[in-house]
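In what follows, a single structure is set out as structure tokens and then discussed.
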Amino acid sequence: MGDSCIKWIGQFGLPPVQIVAFMGLFMALTLVLQAAVRGRLANLLPRSLLRQGLRAMLDMANNVCVVIALHHLSLTMFHSRLHFAAGHLTALRRISW
């Protein structure tokens, strides 16, 4: 459903970074609300700021690429390419270098 929403929002001409920022904002608000309801807000604090920062930058770059890809490809083509690449990446991870 997330990819469909990205594809729909991308039709309005918003820049990819802005689409990713809005996605991140709504995901963060959802997580904070869920943690608050459960009384576990402390679980949202990162254990390592460096690792969390690196992960956030990689995730941001990945999401921008996804938004750009969905702007140029149909959902069917995007998902077939994604699953095709995932299999190859899994195989590469299993090779001992």
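Scheme for the structure tokens: letters A, B, ... for chains in order shown; per-chain residue numbers from 1; ligand numbers from 1 in order shown.
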How close does each residue of stretch 3-54 of chain A get to stretch 68-78 of chain A, giving the shortest atom pair and distance in Å to one decimal for every residue with an atom at most 12 Å away, counting only C-alpha atoms, sorted by chain and residue number, as a Markdown table?
| residue | atom | partner | partner_atom | distance |
| --- | --- | --- | --- | --- |
| A:Asp3 | CA | A:Leu75 | CA | 7.6 |
| A:Ser4 | CA | A:Leu75 | CA | 7.4 |
| A:Cys5 | CA | A:Leu70 | CA | 10.2 |
| A:Ile6 | CA | A:Leu70 | CA | 7.3 |
| A:Lys7 | CA | A:Leu70 | CA | 5.8 |
| A:Trp8 | CA | A:His71 | CA | 9.2 |
| A:Ile9 | CA | A:His71 | CA | 9.5 |
| A:Gly10 | CA | A:His71 | CA | 6.1 |
| A:Gln11 | CA | A:His71 | CA | 7.6 |
| A:Phe12 | CA | A:His71 | CA | 10.5 |
| A:Gly13 | CA | A:His71 | CA | 9.5 |
| A:Leu14 | CA | A:His71 | CA | 10.6 |
| A:Pro15 | CA | A:Ile68 | CA | 9.1 |
| A:Pro16 | CA | A:Ile68 | CA | 6.4 |
| A:Val17 | CA | A:Ile68 | CA | 9.6 |
| A:Gln18 | CA | A:Ile68 | CA | 11.8 |
| A:Ile19 | CA | A:Ile68 | CA | 10.2 |
| A:Val20 | CA | A:Ile68 | CA | 10.5 |
Next on the checklist: Give me, as a PyMOL selection string, all polymer residues having an atom no more than 10 Å from A:Gly24, counting only C-alpha atoms and skipping those fewer than 6 positions away in the same chain.
Outcome noted: chain A and resi 18+30+60+63
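A straight line drawn from atom CA of A:Leu31 to atom CA of A:Ala85 is 29.4 Å long.
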Checklist outcome for this item: Expressed in Å, the length from atom CA of A:Asn62 to atom CA of A:Met27 is 15.9 Å
